[in-house]
Amino acid sequence: MSVKTAKKTKSSISKDILERAYRLMHTAKRMAELYDENKAIASKYVHSTSRGHEAIQLAASMQLKPIDFLAPYYRDESILLGIGMEPYELMLQLMAKKDDPFSGGRTYYNHPSLKREGMPTIPHQSSATGMQVIPATGMAHGLKFKEEHGLGAEGEKPVVVCSLGDGSVTEGEVAEAFQMAVLKNLPIIYLVQDNDWGISATGKEMRAMDAYEYAAGFKGLKRMQANGSDFADSYAKMADAIKYVRNRKGPVLLHANCPLLGHHTSGVRKEWYRGEEDLEIHAMGDPIPKFHSYLMDNGYDEKFLKELEEEAIQTANDAFQKAIDAEDVDPADVELHEFAESPITEEKGERKPKGAEKSVMVDAALHAMDDILKNNPEALFYGQDVGGTLGGVFREAANLAKKYGDGRVFNTPIQEAYIIGSTAGMSAVGAKPIVEIQFADYIWPGINQLVEELSKSCYLSNGKFPIQSLIRVPIGAYGGGGPYHSGSVESTLLTIRGIKIVYPSNAADMKGLMKAAFHDPNPVVMLEHKGLYWSKVPGTDGAKNHEPDEDYIVPLGKARIEQEADQDMIDNGESMTIITYGMGIYWAKAAAENFEGQVEIVDLRTLNPLDWETVKESVERHGRALVLTEEPLLNSFAESLAGRLNQHCFEKLDAPVRAYGALNLPAIGLNVEWEKAMLPNAEKVAAQIEEILGY
Ligand SMILES: Cc1ncc(C[n+]2csc(CCOP(=O)(O)OP(=O)(O)O)c2C)c(N)n1
Ligand SMILES: [Mg+2]
């Protein structure tokens with residue numbers, strides 16, 4: 001349509017912006033109305049709209065540049081309109097259609113992930129409130145890291161905008177992110193949209209202070225406030241915030257009050273818990289009439305504004321019908337994008353070069369890290385105590401900080417959620433994070449980030465945002481480590497889809513797998529048995545290997561036959577296989593000494609993806625098998641694998657596949673006698689072998 005030019009405006013904001021913002025406010029409003037009018041279609045899948053929050057959202061997003069990064073939340077519909085997304089595209093997501101530009105129909109409305117020329121980048125984030133604050137801060141952290149190491153793009157500097165509701169600010173993980181933002185002076189704006197509600201809980205019920213007051217505790221976090229329902233005020237405050245962050249003065253928290261005019265979501269209706277009075281108060285703050293008055297005061301005429309409004313309504317109406325008619329998803333695609341493809345598919349380099357010295361596992365890990373940091377300037381390594389002169393409580397990173405600088409190898413606060421979750425943001429901006437959780441027993445505070453943010457990103461972004469993240473985790477029991485430094489966690493991790501789990505049992509595999517894990521574009525958790533690090537545990541000398549060369553790499557998902565059985569034993573039906581990993585290898589080897597030539601041992605090396613072919617072949621070759629683990633057996637990975645083998649190899653079996661592991665107790669008692677009593681050992685495994693062979 002033809003748009004008449006308005007009279008001269010007094011506003012410092014350009015005419016184009018004012019008119020576009022007004023049109024988009026009406027677009028958002030009409031979209032919300034359409035969704036309410038067409039509940040049967042629009043509310044098939046749950047959604048929230050931005051009604052009431054349009055002014056601050058448009059003010060924020062209309063000032064972002066394609067170089068910037070954005071982490072919006074589920075109410076940020078107007079943010080998405082402001083960066084240039086079309087209502088039709090958003091409605092494709094509303095209806096979970098095939099061409100939903102974010103997820104191909106896999107995730108909810110206003111849950112974007114976007115890598116598009118000319119628009120800010122939006123990595124995937126979960127639907128868990130507040131949790132995106134850590135990945136978003138990780139983005140800012142990654143940008144700063146790149147800039148400080150000469151890896152940033154030339155020219156103007158990007159900013160990260162992370163938006164969240166007032167109800168989310170009190171969540172613990174938000175505090176971890178704020179702490180890191182001020183500690184490292186990161187280029188991020190936390191935009192808190194305060195509508196005084198968190199579903200049905202009021203501000204009074206949820207907190208003793210608002211986000212602006214809370215932010216005062218974070219020294220170095222610049223605090224700002226905006227009237228979030230006033231476009232001009234929001235625009236000016238956002239402009240100041242963006243300028244401050246672009247100039248790298250540090251992080252900002254912008255607290256914007258806004259009314260909540262729509263329902264919490266399509267499924268939780270406002271009339272169920274909000275009184276008349278509250279609804280009236282919020283209605284008085286509607287940003288649209290306010291902006292209308294502002295425009296009238298600035299020389300616009302009613303007729304022209306009506307034309308903008310009608311244009312918006314028409315666009316939304318047309319888009320809705322078009323989205324209804326759009327193609328649906330193809331269920332045949334359901335398995336696409338579990339993982340991004342790894343470039344490492346073959347074992348390469350020399351596992352046992354001539355003249356190589358023997359290395360303990362912890363040194364092989366250290367040398368792998370050294371090679372990685374030397375050859376990949378985007379790589380960085382952080383976690384508790386890995387930096388400085390200590391270089392890890394196991395000295396597994398000794399001297400790396402000295403060699404590569406405190407900017408690349410550094411200590412973090414005790415923040416497991418940040419350590420894990422930040423890698424999502426780092427990866428999105430092109431850094432290559434390696435992190436460490438000090439002990440497997442302390443991975444739990446970080447599990448939320450692993451599950452919600454890391455594991456689902458590739459799948460739910462339709463393959464756009466796989467997360468390169470290598471998470472090293474010392475694990476396992478030996479020598480009286482006690483209840484909180486000996487735990488095994490792999491079964492829990494293996495219930496999380498979308499992450500890979502690696503568990504080397506010797507120095508050569510440690511080196512080769514560490515490199516493959518680093519080059520894998522997906523999240524990889526590397527479990528490193530502390531009892532094997534120095535081969536201090538009697539019987540684990542085999543964990544020391546001639547050290548492979550620098551090019552050595554072992555693809556993930558490939559098991560290794562650690563020990564073969566004699567062919568005549570196999571032919572006579574007197575052999576069996578033990579499927580195991582980590583410390584299990586050494587229990588199995590010691591136990592097998594009593595059964596010469598009868599026992600094959602398969603070292604899984606990677607638990608997910610599992611080398612099913614090798615395992616199945618081995619079980620079928622012998623017809624007798626034991627799956628051995630250090631974990632308490634009940635409901636473990638080992639038990640599940642044994643069950644699967646019984647099902648799939650049934651016809652080739654001479655005995656049921658057994659699983660064997662630790663006693664089913666919540667912790668390993670401190671006294672070494674408790675440890676011995678609870679865990680498997682060579683004698684206990686030998687008894688299992690005896691029974692299986694005698695079956
Ligand atoms: C971790 C987590 N807990 C609970 C929920 C369910 N939930 C969705 S929205 C919401 C309220 C959030 O309030 P606020 O952050 O103020 O955002 P608003 O909807 O008011 O914009 C809750 C509890 C969730 N999505 N994630
Ligand atoms: Mg709220």
# chains A, B, ... in the order shown; residues from 1 in each chain; ligands from 1

call {"tool": "residues_near_ligand", "arguments": {"ligand": "ligand 2", "cutoff": "7 Å", "atoms": "only C-alpha atoms and all ligand atoms", "output": "list in words"}}
result
Gly165, Asp166, Gly167, Gln193, Asp194, Asn195, Asp196, Trp197 and Gly198 of chain A

call {"tool": "select_by_dssp", "arguments": {"residues": "segment 431-476 of chain A", "states": "strand (DSSP E)", "output": "MDAnalysis selection string"}}
result
chainID A and resid 432:436 469:475

call {"tool": "residues_near_ligand", "arguments": {"ligand": "ligand 1", "cutoff": "9 Å", "atoms": "only C-alpha atoms and all ligand atoms", "output": "number ranges by chain"}}
result
A: 48, 50, 53, 73-76, 126-131, 164-169, 171, 192-203, 260, 263-265

call {"tool": "residues_around", "arguments": {"residues": "segment 622-631 of chain A", "least_positions_apart": "2", "cutoff": "7 Å", "atoms": "only C-alpha atoms", "output": "PDB file with C-alpha atoms, in the first residue's frame"}}
result
ATOM      1  CA  SER A 488      30.177 -43.445  38.879  1.00  0.00           C
ATOM      2  CA  ILE A 570      35.966 -70.801  20.777  1.00  0.00           C
ATOM      3  CA  GLY A 573      32.364 -73.759  22.996  1.00  0.00           C
ATOM      4  CA  SER A 575      34.975 -69.388  25.645  1.00  0.00           C
ATOM      5  CA  MET A 576      33.121 -66.244  26.604  1.00  0.00           C
ATOM      6  CA  THR A 577      33.345 -62.498  26.223  1.00  0.00           C
ATOM      7  CA  ILE A 578      33.387 -59.709  28.773  1.00  0.00           C
ATOM      8  CA  ILE A 579      31.986 -56.414  27.594  1.00  0.00           C
ATOM      9  CA  THR A 580      33.324 -53.668  29.797  1.00  0.00           C
ATOM     10  CA  GLY A 584      36.308 -53.094  34.414  1.00  0.00           C
ATOM     11  CA  SER A 618      31.659 -60.776  20.126  1.00  0.00           C
ATOM     12  CA  VAL A 619      28.695 -62.116  22.084  1.00  0.00           C
ATOM     13  CA  GLU A 620      27.587 -64.254  19.147  1.00  0.00           C
ATOM     14  CA  LEU A 633      24.106 -52.762  38.931  1.00  0.00           C
ATOM     15  CA  ALA A 638      25.353 -52.565  31.950  1.00  0.00           C
ATOM     16  CA  ALA A 642      22.860 -57.235  28.904  1.00  0.00           C
ATOM     17  CA  LYS A 652      23.315 -67.791  19.505  1.00  0.00           C
ATOM     18  CA  LEU A 653      23.532 -67.943  23.292  1.00  0.00           C
ATOM     19  CA  ASP A 654      24.627 -70.921  25.385  1.00  0.00           C
ATOM     20  CA  ALA A 655      23.977 -69.050  28.623  1.00  0.00           C
ATOM     21  CA  VAL A 657      24.092 -62.755  29.159  1.00  0.00           C
ATOM     22  CA  ARG A 658      24.894 -61.617  32.674  1.00  0.00           C
ATOM     23  CA  ALA A 659      25.567 -58.184  34.033  1.00  0.00           C
ATOM     24  CA  TYR A 660      27.757 -57.625  37.041  1.00  0.00           C
ATOM     25  CA  GLY A 661      28.600 -54.489  38.955  1.00  0.00           C
ATOM     26  CA  ALA A 662      28.767 -52.868  42.362  1.00  0.00           C
ATOM     27  CA  LEU A 679      32.855 -52.827  44.244  1.00  0.00           C
ATOM     28  CA  PRO A 680      33.653 -55.693  41.909  1.00  0.00           C
ATOM     29  CA  ILE A 692      29.037 -68.430  33.002  1.00  0.00           C
TER      30      ILE A 692
END

call {"tool": "select_by_dssp", "arguments": {"residues": "segment 516-630 of chain A", "states": "helix (DSSP H, G or I)", "output": "PyMOL selection string"}}
result
chain A and resi 516-519+530-533+541-543+567-571+584-592+612-622

call {"tool": "decode", "arguments": {"residues": "segment 11-37 of chain A", "atoms": "N, CA and C atoms", "output": "compact mmCIF listing (two decimals), in the first residue's frame"}}
result
# COMPACT_ATOMS: atom_id res chain seq x y z
N SER A 11 10.46 13.83 17.42
CA SER A 11 11.16 12.76 18.13
C SER A 11 12.58 12.62 17.59
N SER A 12 13.47 12.20 18.50
CA SER A 12 14.85 11.97 18.05
C SER A 12 14.95 10.64 17.30
N ILE A 13 13.88 9.87 17.37
CA ILE A 13 13.89 8.57 16.69
C ILE A 13 13.42 8.78 15.24
N SER A 14 14.05 8.10 14.30
CA SER A 14 13.72 8.37 12.90
C SER A 14 12.30 7.93 12.57
N LYS A 15 11.76 8.58 11.55
CA LYS A 15 10.38 8.31 11.12
C LYS A 15 10.22 6.84 10.76
N ASP A 16 11.19 6.32 10.04
CA ASP A 16 11.11 4.92 9.61
C ASP A 16 10.94 3.99 10.79
N ILE A 17 11.71 4.27 11.81
CA ILE A 17 11.66 3.40 12.98
C ILE A 17 10.32 3.54 13.70
N LEU A 18 9.89 4.78 13.87
CA LEU A 18 8.62 4.99 14.57
C LEU A 18 7.48 4.29 13.84
N GLU A 19 7.48 4.44 12.52
CA GLU A 19 6.36 3.88 11.76
C GLU A 19 6.43 2.36 11.74
N ARG A 20 7.63 1.85 11.61
CA ARG A 20 7.77 0.38 11.60
C ARG A 20 7.36 -0.18 12.96
N ALA A 21 7.79 0.49 14.01
CA ALA A 21 7.45 0.01 15.36
C ALA A 21 5.93 0.04 15.56
N TYR A 22 5.30 1.09 15.10
CA TYR A 22 3.84 1.19 15.28
C TYR A 22 3.14 0.07 14.52
N ARG A 23 3.61 -0.15 13.29
CA ARG A 23 3.01 -1.20 12.47
C ARG A 23 3.23 -2.57 13.14
N LEU A 24 4.43 -2.79 13.63
CA LEU A 24 4.72 -4.10 14.24
C LEU A 24 3.98 -4.30 15.56
N MET A 25 3.76 -3.21 16.29
CA MET A 25 2.96 -3.35 17.52
C MET A 25 1.56 -3.85 17.17
N HIS A 26 1.03 -3.25 16.11
CA HIS A 26 -0.31 -3.70 15.69
C HIS A 26 -0.27 -5.10 15.09
N THR A 27 0.83 -5.43 14.47
CA THR A 27 0.97 -6.80 13.94
C THR A 27 0.91 -7.78 15.10
N ALA A 28 1.71 -7.51 16.13
CA ALA A 28 1.75 -8.42 17.29
C ALA A 28 0.37 -8.51 17.95
N LYS A 29 -0.28 -7.36 18.04
CA LYS A 29 -1.60 -7.35 18.68
C LYS A 29 -2.58 -8.20 17.88
N ARG A 30 -2.55 -8.00 16.57
CA ARG A 30 -3.49 -8.74 15.72
C ARG A 30 -3.17 -10.25 15.76
N MET A 31 -1.91 -10.56 15.82
CA MET A 31 -1.54 -11.99 15.90
C MET A 31 -2.13 -12.62 17.16
N ALA A 32 -2.01 -11.91 18.28
CA ALA A 32 -2.55 -12.44 19.54
C ALA A 32 -4.07 -12.59 19.43
N GLU A 33 -4.71 -11.61 18.80
CA GLU A 33 -6.17 -11.69 18.65
C GLU A 33 -6.55 -12.89 17.78
N LEU A 34 -5.82 -13.03 16.69
CA LEU A 34 -6.11 -14.15 15.78
C LEU A 34 -5.99 -15.49 16.50
N TYR A 35 -4.95 -15.60 17.33
CA TYR A 35 -4.74 -16.87 18.04
C TYR A 35 -5.89 -17.16 19.00
N ASP A 36 -6.41 -16.08 19.61
CA ASP A 36 -7.53 -16.25 20.53
C ASP A 36 -8.83 -16.56 19.78
N GLU A 37 -8.99 -15.89 18.64
CA GLU A 37 -10.22 -16.10 17.85
C GLU A 37 -10.24 -17.49 17.23
